[in-house]
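Participant: For reference, the file input_14.cif (mmCIF, C-alpha atoms and all ligand atoms) is included below:
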data_start
#
loop_
_atom_site.group_PDB
_atom_site.id
_atom_site.type_symbol
_atom_site.label_atom_id
_atom_site.label_comp_id
_atom_site.auth_asym_id
_atom_site.auth_seq_id
_atom_site.Cartn_x
_atom_site.Cartn_y
_atom_site.Cartn_z
ATOM 1 C CA THR E 3 -11.839 91.276 156.952
ATOM 2 C CA THR E 4 -12.097 93.269 153.764
ATOM 3 C CA SER E 5 -13.861 96.588 153.332
ATOM 4 C CA ALA E 6 -14.261 99.471 150.927
ATOM 5 C CA ALA E 7 -13.950 101.858 153.877
ATOM 6 C CA GLN E 8 -10.282 102.724 153.308
ATOM 7 C CA PHE E 9 -11.050 103.666 149.672
ATOM 8 C CA VAL E 10 -14.021 105.913 150.463
ATOM 9 C CA PRO E 11 -13.099 109.606 150.723
ATOM 10 C CA SER E 12 -14.992 111.320 153.522
ATOM 11 C CA GLY E 13 -17.484 114.098 152.941
ATOM 12 C CA GLU E 14 -17.041 114.184 149.175
ATOM 13 C CA ASP E 15 -19.637 114.839 146.481
ATOM 14 C CA TRP E 16 -21.034 112.239 144.089
ATOM 15 C CA ALA E 17 -18.479 112.784 141.309
ATOM 16 C CA ALA E 18 -15.547 112.363 143.683
ATOM 17 C CA LEU E 19 -17.117 109.250 145.178
ATOM 18 C CA ARG E 20 -17.684 107.755 141.768
ATOM 19 C CA SER E 21 -14.116 108.288 140.664
ATOM 20 C CA ALA E 22 -12.710 107.010 143.962
ATOM 21 C CA ALA E 23 -14.810 103.866 143.559
ATOM 22 C CA ASP E 24 -12.934 103.122 140.327
ATOM 23 C CA GLY E 25 -9.908 102.338 142.480
ATOM 24 C CA CYS E 26 -11.678 100.276 145.129
ATOM 25 C CA ARG E 27 -10.043 97.024 146.139
ATOM 26 C CA GLY E 28 -12.184 96.512 149.194
ATOM 27 C CA CYS E 29 -12.906 92.892 148.290
ATOM 28 C CA ASP E 30 -11.696 90.445 145.632
ATOM 29 C CA LEU E 31 -14.413 91.184 143.075
ATOM 30 C CA TYR E 32 -12.472 93.976 141.350
ATOM 31 C CA GLN E 33 -9.924 91.403 140.154
ATOM 32 C CA ASP E 34 -12.027 89.660 137.497
ATOM 33 C CA ALA E 35 -14.612 92.335 136.734
ATOM 34 C CA THR E 36 -14.075 94.881 133.950
ATOM 35 C CA GLN E 37 -14.833 97.993 135.987
ATOM 36 C CA THR E 38 -16.632 99.464 138.958
ATOM 37 C CA VAL E 39 -20.283 100.150 138.169
ATOM 38 C CA PHE E 40 -21.258 103.031 140.440
ATOM 39 C CA GLY E 41 -24.811 104.255 140.993
ATOM 40 C CA GLU E 42 -26.317 106.879 138.710
ATOM 41 C CA GLY E 43 -29.070 109.456 138.790
ATOM 42 C CA PRO E 44 -29.824 112.874 140.177
ATOM 43 C CA VAL E 45 -28.401 113.916 143.548
ATOM 44 C CA PRO E 46 -30.380 114.732 145.523
ATOM 45 C CA ALA E 47 -33.128 112.316 144.483
ATOM 46 C CA LYS E 48 -36.451 111.687 146.220
ATOM 47 C CA LEU E 49 -36.341 108.048 145.260
ATOM 48 C CA MET E 50 -33.371 105.689 145.288
ATOM 49 C CA MET E 51 -33.419 102.074 144.164
ATOM 50 C CA VAL E 52 -30.846 99.474 145.115
ATOM 51 C CA GLY E 53 -30.237 96.297 143.125
ATOM 52 C CA GLU E 54 -27.879 93.418 143.777
ATOM 53 C CA CYS E 55 -24.745 93.780 141.672
ATOM 54 C CA PRO E 56 -23.936 94.602 138.052
ATOM 55 C CA GLY E 57 -24.618 91.908 135.470
ATOM 56 C CA ASP E 58 -22.662 91.001 132.353
ATOM 57 C CA ARG E 59 -23.891 93.984 130.330
ATOM 58 C CA GLU E 60 -23.456 96.438 133.180
ATOM 59 C CA ASP E 61 -19.896 95.183 133.661
ATOM 60 C CA THR E 62 -18.933 95.850 130.037
ATOM 61 C CA ASP E 63 -20.922 99.105 129.677
ATOM 62 C CA GLY E 64 -20.130 100.583 133.089
ATOM 63 C CA HIS E 65 -23.726 101.594 133.783
ATOM 64 C CA VAL E 66 -26.395 100.215 136.115
ATOM 65 C CA PHE E 67 -29.428 98.264 134.882
ATOM 66 C CA VAL E 68 -28.705 98.323 131.152
ATOM 67 C CA GLY E 69 -29.072 94.541 130.553
ATOM 68 C CA PRO E 70 -32.130 92.240 130.613
ATOM 69 C CA ALA E 71 -32.985 93.047 134.245
ATOM 70 C CA GLY E 72 -32.739 96.730 133.400
ATOM 71 C CA ARG E 73 -35.123 96.411 130.468
ATOM 72 C CA LEU E 74 -37.637 94.677 132.722
ATOM 73 C CA LEU E 75 -37.145 97.348 135.368
ATOM 74 C CA ASP E 76 -37.722 100.078 132.751
ATOM 75 C CA LYS E 77 -41.038 98.501 131.739
ATOM 76 C CA ALA E 78 -42.140 98.103 135.354
ATOM 77 C CA LEU E 79 -41.166 101.685 136.255
ATOM 78 C CA ALA E 80 -43.111 102.989 133.260
ATOM 79 C CA ALA E 81 -46.148 100.917 134.255
ATOM 80 C CA ALA E 82 -45.893 102.252 137.816
ATOM 81 C CA GLY E 83 -45.526 105.842 136.632
ATOM 82 C CA ILE E 84 -42.013 106.231 138.028
ATOM 83 C CA ASP E 85 -39.568 108.342 136.011
ATOM 84 C CA ARG E 86 -36.226 106.512 135.827
ATOM 85 C CA SER E 87 -34.416 109.754 135.035
ATOM 86 C CA LYS E 88 -35.547 111.197 138.391
ATOM 87 C CA THR E 89 -34.514 108.089 140.315
ATOM 88 C CA TYR E 90 -31.063 107.325 141.690
ATOM 89 C CA LEU E 91 -30.266 103.725 140.742
ATOM 90 C CA THR E 92 -27.471 101.722 142.290
ATOM 91 C CA ASN E 93 -26.455 98.283 143.536
ATOM 92 C CA ALA E 94 -25.479 96.786 146.883
ATOM 93 C CA VAL E 95 -22.233 95.562 145.292
ATOM 94 C CA LYS E 96 -20.374 97.577 142.654
ATOM 95 C CA HIS E 97 -18.472 94.817 140.829
ATOM 96 C CA PHE E 98 -19.824 91.914 138.732
ATOM 97 C CA ARG E 99 -19.465 88.474 140.320
ATOM 98 C CA PHE E 100 -19.537 85.579 137.852
ATOM 99 C CA THR E 101 -18.232 82.192 136.823
ATOM 100 C CA GLU E 102 -17.141 81.347 133.308
ATOM 101 C CA ARG E 103 -18.916 78.603 131.428
ATOM 102 C CA GLY E 104 -17.244 78.374 128.052
ATOM 103 C CA LYS E 105 -17.490 81.865 126.611
ATOM 104 C CA ARG E 106 -20.421 82.799 128.806
ATOM 105 C CA ARG E 107 -20.114 84.668 132.062
ATOM 106 C CA ILE E 108 -22.762 83.472 134.496
ATOM 107 C CA HIS E 109 -23.847 85.882 137.244
ATOM 108 C CA GLN E 110 -23.303 84.689 140.793
ATOM 109 C CA THR E 111 -24.975 86.151 143.858
ATOM 110 C CA PRO E 112 -22.432 88.156 145.851
ATOM 111 C CA ARG E 113 -21.416 86.684 149.183
ATOM 112 C CA ARG E 114 -22.427 88.332 152.426
ATOM 113 C CA GLY E 115 -18.796 89.368 153.017
ATOM 114 C CA GLU E 116 -18.738 91.204 149.682
ATOM 115 C CA VAL E 117 -22.024 92.948 150.442
ATOM 116 C CA VAL E 118 -20.686 94.093 153.804
ATOM 117 C CA ALA E 119 -17.337 95.119 152.273
ATOM 118 C CA CYS E 120 -19.088 97.256 149.650
ATOM 119 C CA PHE E 121 -21.609 98.890 151.984
ATOM 120 C CA PRO E 122 -19.498 102.035 152.669
ATOM 121 C CA TRP E 123 -20.151 103.101 149.036
ATOM 122 C CA LEU E 124 -23.888 102.630 149.401
ATOM 123 C CA ARG E 125 -23.866 104.564 152.680
ATOM 124 C CA GLU E 126 -22.165 107.478 150.907
ATOM 125 C CA GLU E 127 -24.611 107.323 147.988
ATOM 126 C CA ILE E 128 -27.472 107.560 150.480
ATOM 127 C CA ARG E 129 -25.735 110.521 152.148
ATOM 128 C CA VAL E 130 -25.355 112.496 148.904
ATOM 129 C CA ALA E 131 -28.695 111.465 147.344
ATOM 130 C CA ARG E 132 -30.685 112.098 150.564
ATOM 131 C CA PRO E 133 -33.619 109.986 149.319
ATOM 132 C CA LYS E 134 -37.063 110.180 150.935
ATOM 133 C CA LEU E 135 -37.407 106.482 150.172
ATOM 134 C CA VAL E 136 -34.868 103.752 149.407
ATOM 135 C CA VAL E 137 -36.421 100.836 147.511
ATOM 136 C CA CYS E 138 -34.479 97.590 147.837
ATOM 137 C CA LEU E 139 -34.874 95.307 144.830
ATOM 138 C CA GLY E 140 -34.492 91.752 146.094
ATOM 139 C CA ALA E 141 -33.114 90.070 149.188
ATOM 140 C CA VAL E 142 -29.440 90.943 148.690
ATOM 141 C CA ALA E 143 -30.193 94.674 148.614
ATOM 142 C CA ALA E 144 -32.687 94.392 151.474
ATOM 143 C CA LYS E 145 -30.183 92.540 153.672
ATOM 144 C CA ALA E 146 -27.457 95.029 152.757
ATOM 145 C CA VAL E 147 -29.592 97.876 154.083
ATOM 146 C CA LEU E 148 -31.679 96.183 156.794
ATOM 147 C CA GLY E 149 -29.338 93.469 158.067
ATOM 148 C CA PRO E 150 -28.723 89.774 157.375
ATOM 149 C CA SER E 151 -31.750 88.433 159.245
ATOM 150 C CA PHE E 152 -34.234 90.431 157.160
ATOM 151 C CA LYS E 153 -36.790 88.205 155.403
ATOM 152 C CA LEU E 154 -38.043 89.689 152.162
ATOM 153 C CA THR E 155 -40.859 87.150 151.805
ATOM 154 C CA GLU E 156 -42.373 88.419 155.086
ATOM 155 C CA HIS E 157 -42.171 92.117 154.219
ATOM 156 C CA ARG E 158 -42.534 92.405 150.471
ATOM 157 C CA GLY E 159 -44.232 95.661 149.472
ATOM 158 C CA GLU E 160 -43.791 97.236 152.915
ATOM 159 C CA VAL E 161 -42.004 100.401 153.972
ATOM 160 C CA LEU E 162 -39.834 100.041 157.076
ATOM 161 C CA GLU E 163 -38.051 102.622 159.190
ATOM 162 C CA HIS E 164 -34.395 101.805 159.668
ATOM 163 C CA GLU E 165 -31.770 104.070 161.225
ATOM 164 C CA GLY E 166 -33.619 107.207 160.167
ATOM 165 C CA LEU E 167 -34.182 105.913 156.643
ATOM 166 C CA ARG E 168 -37.459 104.913 154.995
ATOM 167 C CA VAL E 169 -36.849 101.624 153.222
ATOM 168 C CA GLY E 170 -39.295 99.929 150.854
ATOM 169 C CA VAL E 171 -38.779 96.340 149.753
ATOM 170 C CA THR E 172 -39.785 94.346 146.715
ATOM 171 C CA VAL E 173 -38.394 91.613 144.481
ATOM 172 C CA HIS E 174 -35.484 91.887 142.064
ATOM 173 C CA PRO E 175 -36.419 92.405 138.393
ATOM 174 C CA SER E 176 -34.369 89.301 137.464
ATOM 175 C CA ALA E 177 -36.763 87.214 139.551
ATOM 176 C CA VAL E 178 -39.595 88.566 137.405
ATOM 177 C CA VAL E 179 -37.667 87.786 134.191
ATOM 178 C CA ARG E 180 -37.253 84.175 135.358
ATOM 179 C CA ALA E 181 -40.727 83.713 136.861
ATOM 180 C CA GLU E 182 -42.786 80.714 135.754
ATOM 181 C CA ASN E 183 -45.877 82.873 135.492
ATOM 182 C CA PHE E 184 -44.391 86.008 134.001
ATOM 183 C CA THR E 185 -47.558 88.098 133.762
ATOM 184 C CA GLU E 186 -48.498 87.457 137.364
ATOM 185 C CA ALA E 187 -44.960 88.226 138.580
ATOM 186 C CA PHE E 188 -44.745 91.384 136.489
ATOM 187 C CA ASP E 189 -48.114 92.672 137.698
ATOM 188 C CA ALA E 190 -47.184 92.005 141.333
ATOM 189 C CA PHE E 191 -43.878 93.850 140.871
ATOM 190 C CA VAL E 192 -45.666 96.835 139.304
ATOM 191 C CA ALA E 193 -48.226 96.774 142.139
ATOM 192 C CA ASP E 194 -45.398 96.931 144.711
ATOM 193 C CA LEU E 195 -43.692 99.807 142.912
ATOM 194 C CA THR E 196 -46.967 101.704 142.535
ATOM 195 C CA ALA E 197 -47.738 101.356 146.245
ATOM 196 C CA LEU E 198 -44.188 102.289 147.264
ATOM 197 C CA LYS E 199 -44.261 105.364 145.033
ATOM 198 C CA LYS E 200 -47.342 106.624 146.865
ATOM 199 C CA SER E 201 -45.967 105.865 150.328
HETATM 200 N N1 LIG T 1 -28.986 93.441 138.271
HETATM 201 C C1 LIG T 1 -28.729 94.299 139.266
HETATM 202 O O1 LIG T 1 -29.023 94.037 140.421
HETATM 203 N N2 LIG T 1 -28.187 95.457 138.969
HETATM 204 C C2 LIG T 1 -27.863 95.814 137.735
HETATM 205 O O2 LIG T 1 -27.327 96.907 137.558
HETATM 206 C C3 LIG T 1 -28.137 94.898 136.711
HETATM 207 C C4 LIG T 1 -28.682 93.714 136.996
HETATM 208 FE FE1 LIG T 2 -14.823 97.583 146.286
HETATM 209 FE FE2 LIG T 2 -17.382 96.900 146.231
HETATM 210 FE FE3 LIG T 2 -15.842 96.394 144.146
HETATM 211 FE FE4 LIG T 2 -15.545 94.961 146.352
HETATM 212 S S1 LIG T 2 -17.371 95.029 145.019
HETATM 213 S S2 LIG T 2 -13.889 95.902 145.136
HETATM 214 S S3 LIG T 2 -15.947 96.532 147.925
HETATM 215 S S4 LIG T 2 -16.401 98.432 144.895
#
I'd like the structure from this file rewritten - as structure tokens, please.
Facilitator:
Amino acid sequence: TTSAAQFVPSGEDWAALRSAADGCRGCDLYQDATQTVFGEGPVPAKLMMVGECPGDREDTDGHVFVGPAGRLLDKALAAAGIDRSKTYLTNAVKHFRFTERGKRRIHQTPRRGEVVACFPWLREEIRVARPKLVVCLGAVAAKAVLGPSFKLTEHRGEVLEHEGLRVGVTVHPSAVVRAENFTEAFDAFVADLTALKKS
């Protein structure tokens, strides 16, 4: 089995973690991706948000949530009155997973094994950020934090207690981007974020 664990320095601060993550080979995803995209934001941070994995833009830029999903997230955070600059933003998996279709790189959902392999980084980010609330954006993030049997559809908008952590769950911004009824999906996402912010 593969894991990031052997690449994670113990007891280090955020900057040391971030630079160590550049050299992670804990699963195969580092091979085709451009770079590790580590989480960003203040440490400590009251609020932490966890996405799935970097997309095409994040992979080339090296920063979280800078592509289409990030723009949607920015709009939703603004509508919910959440300051992105005060929020620690990261992903369950730190490398882009994709397939090539011609010149286009199409995002693929990371496998469970990759999510598990990458979790030691997320655990360390939680340790240094010490968030009062961790908001999981989508099922991949929620299962990374809460376990593989977690069902997002049954708990959307809720805050759960898990291993001493308060964990809120909602959908992934990409699901809102793709939604058939965009306005309805956007409003529901903002409603979740607004409620979670107050929790
Ligand atoms: N989707 C994610 O889950 N994270 C990003 O950083 C970008 C897109
Ligand atoms: Fe390491 Fe995570 Fe990248 Fe896999 S996805 S190589 S575990 S940082």
Participant: Report as a compact mmCIF listing (two decimals) with C-alpha atoms, in the frame of the given file the full result of the PyMOL selection byres (((chain E and resi 74-88) around 9) and not hetatm) when it is applied to this structure.
Facilitator:
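Saved the output as expr-v4.txt:
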# COMPACT_ATOMS: atom_id res chain seq x y z
CA GLY E 43 -29.07 109.46 138.79
CA PRO E 44 -29.82 112.87 140.18
CA ALA E 47 -33.13 112.32 144.48
CA LYS E 48 -36.45 111.69 146.22
CA LEU E 49 -36.34 108.05 145.26
CA PHE E 67 -29.43 98.26 134.88
CA GLY E 69 -29.07 94.54 130.55
CA PRO E 70 -32.13 92.24 130.61
CA ALA E 71 -32.98 93.05 134.24
CA GLY E 72 -32.74 96.73 133.40
CA ARG E 73 -35.12 96.41 130.47
CA THR E 89 -34.51 108.09 140.32
CA TYR E 90 -31.06 107.32 141.69
CA LEU E 91 -30.27 103.72 140.74
CA HIS E 174 -35.48 91.89 142.06
CA PRO E 175 -36.42 92.40 138.39
CA SER E 176 -34.37 89.30 137.46
CA VAL E 178 -39.60 88.57 137.40
CA VAL E 179 -37.67 87.79 134.19
CA PHE E 188 -44.74 91.38 136.49
CA ASP E 189 -48.11 92.67 137.70
CA PHE E 191 -43.88 93.85 140.87
CA VAL E 192 -45.67 96.84 139.30
CA ALA E 193 -48.23 96.77 142.14
CA ASP E 194 -45.40 96.93 144.71
CA LEU E 195 -43.69 99.81 142.91
CA THR E 196 -46.97 101.70 142.54
CA ALA E 197 -47.74 101.36 146.24
CA LYS E 199 -44.26 105.36 145.03
Participant: Measuring atom to atom with all atoms listed in the file, identify which of E:Gly13, E:Gly115, E:Gly140, E:Gly28 is nearest to ligand LIG 1 (chain T).
Facilitator: E:Gly140
Participant: Evaluate the PyMOL selection byres (((not hetatm)) within 6 of (chain T and resi 1)) against this structure - the residues, as a PDB file with C-alpha atoms, in the frame of the given file, please.
Facilitator:
ATOM      1  CA  GLY E  53     -30.237  96.297 143.125  1.00  0.00           C
ATOM      2  CA  GLU E  54     -27.879  93.418 143.777  1.00  0.00           C
ATOM      3  CA  CYS E  55     -24.745  93.780 141.672  1.00  0.00           C
ATOM      4  CA  PRO E  56     -23.936  94.602 138.052  1.00  0.00           C
ATOM      5  CA  GLY E  57     -24.618  91.908 135.470  1.00  0.00           C
ATOM      6  CA  GLU E  60     -23.456  96.438 133.180  1.00  0.00           C
ATOM      7  CA  VAL E  66     -26.395 100.215 136.115  1.00  0.00           C
ATOM      8  CA  PHE E  67     -29.428  98.264 134.882  1.00  0.00           C
ATOM      9  CA  ALA E  71     -32.985  93.047 134.245  1.00  0.00           C
ATOM     10  CA  GLY E  72     -32.739  96.730 133.400  1.00  0.00           C
ATOM     11  CA  ASN E  93     -26.455  98.283 143.536  1.00  0.00           C
TER      12      ASN E  93
END
Participant: Nearest to ligand LIG 2 (chain T) among E:Asn183, E:Ser12, E:Thr92, E:Ser201, with distances taken over only C-alpha atoms and all ligand atoms: which residue is it?
Facilitator: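 Smallest distance to ligand LIG 2 (chain T) is found for E:Thr92.
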Participant: Which residues are close to Val137 in chain E, i.e. within 9 Å by only C-alpha atoms, leaving aside same-chain residues fewer than 2 positions away? Reply as a ChimeraX atom specification.
Facilitator: /E:49-53,135,139,143-144,161,168-172,195,198
Participant: Could you list, as a PyMOL selection string, all protein and nucleic acid residues with an atom at most 12 Å from ligand LIG 2 (chain T), counting only C-alpha atoms and all ligand atoms?
Facilitator: chain E and resi 3-10+19-41+54-56+61+92-99+111-125
Participant: Can you patch up range 53-74 of chain E, filling it in to N, CA and C atoms, and show the result as a CSV table (one decimal), keeping the file's coordinate frame?
Facilitator:
chain,number,residue,atom,x,y,z
E,53,GLY,N,-30.2,97.7,143.6
E,53,GLY,CA,-30.2,96.3,143.1
E,53,GLY,C,-29.2,95.5,143.8
E,54,GLU,N,-28.8,94.4,143.2
E,54,GLU,CA,-27.9,93.4,143.8
E,54,GLU,C,-26.4,93.7,143.4
E,55,CYS,N,-26.1,93.4,142.2
E,55,CYS,CA,-24.7,93.8,141.7
E,55,CYS,C,-24.8,93.9,140.2
E,56,PRO,N,-23.9,94.5,139.5
E,56,PRO,CA,-23.9,94.6,138.1
E,56,PRO,C,-24.0,93.2,137.4
E,57,GLY,N,-24.6,93.1,136.3
E,57,GLY,CA,-24.6,91.9,135.5
E,57,GLY,C,-23.6,92.0,134.4
E,58,ASP,N,-23.6,91.1,133.5
E,58,ASP,CA,-22.7,91.0,132.4
E,58,ASP,C,-22.6,92.3,131.5
E,59,ARG,N,-23.8,92.8,131.2
E,59,ARG,CA,-23.9,94.0,130.3
E,59,ARG,C,-23.4,95.2,131.1
E,60,GLU,N,-23.9,95.3,132.3
E,60,GLU,CA,-23.5,96.4,133.2
E,60,GLU,C,-21.9,96.5,133.3
E,61,ASP,N,-21.4,95.3,133.5
E,61,ASP,CA,-19.9,95.2,133.7
E,61,ASP,C,-19.2,95.7,132.4
E,62,THR,N,-19.6,95.4,131.2
E,62,THR,CA,-18.9,95.8,130.0
E,62,THR,C,-19.3,97.3,129.7
E,63,ASP,N,-20.5,97.7,130.0
E,63,ASP,CA,-20.9,99.1,129.7
E,63,ASP,C,-20.5,100.1,130.8
E,64,GLY,N,-20.4,99.7,132.0
E,64,GLY,CA,-20.1,100.6,133.1
E,64,GLY,C,-21.3,101.4,133.6
E,65,HIS,N,-22.5,100.9,133.3
E,65,HIS,CA,-23.7,101.6,133.8
E,65,HIS,C,-24.7,100.6,134.4
E,66,VAL,N,-25.5,101.1,135.4
E,66,VAL,CA,-26.4,100.2,136.1
E,66,VAL,C,-27.6,99.9,135.3
E,67,PHE,N,-28.1,98.7,135.4
E,67,PHE,CA,-29.4,98.3,134.9
E,67,PHE,C,-29.6,98.6,133.4
E,68,VAL,N,-28.6,98.2,132.6
E,68,VAL,CA,-28.7,98.3,131.2
E,68,VAL,C,-28.9,97.0,130.4
E,69,GLY,N,-28.9,95.9,131.1
E,69,GLY,CA,-29.1,94.5,130.6
E,69,GLY,C,-30.5,94.1,130.6
E,70,PRO,N,-30.8,92.8,130.6
E,70,PRO,CA,-32.1,92.2,130.6
E,70,PRO,C,-32.9,92.7,131.9
E,71,ALA,N,-32.3,92.6,133.0
E,71,ALA,CA,-33.0,93.0,134.2
E,71,ALA,C,-33.4,94.5,134.2
E,72,GLY,N,-32.5,95.3,133.6
E,72,GLY,CA,-32.7,96.7,133.4
E,72,GLY,C,-33.9,97.0,132.5
E,73,ARG,N,-34.0,96.2,131.4
E,73,ARG,CA,-35.1,96.4,130.5
E,73,ARG,C,-36.4,96.1,131.2
E,74,LEU,N,-36.4,95.0,132.0
E,74,LEU,CA,-37.6,94.7,132.7
E,74,LEU,C,-38.0,95.8,133.7
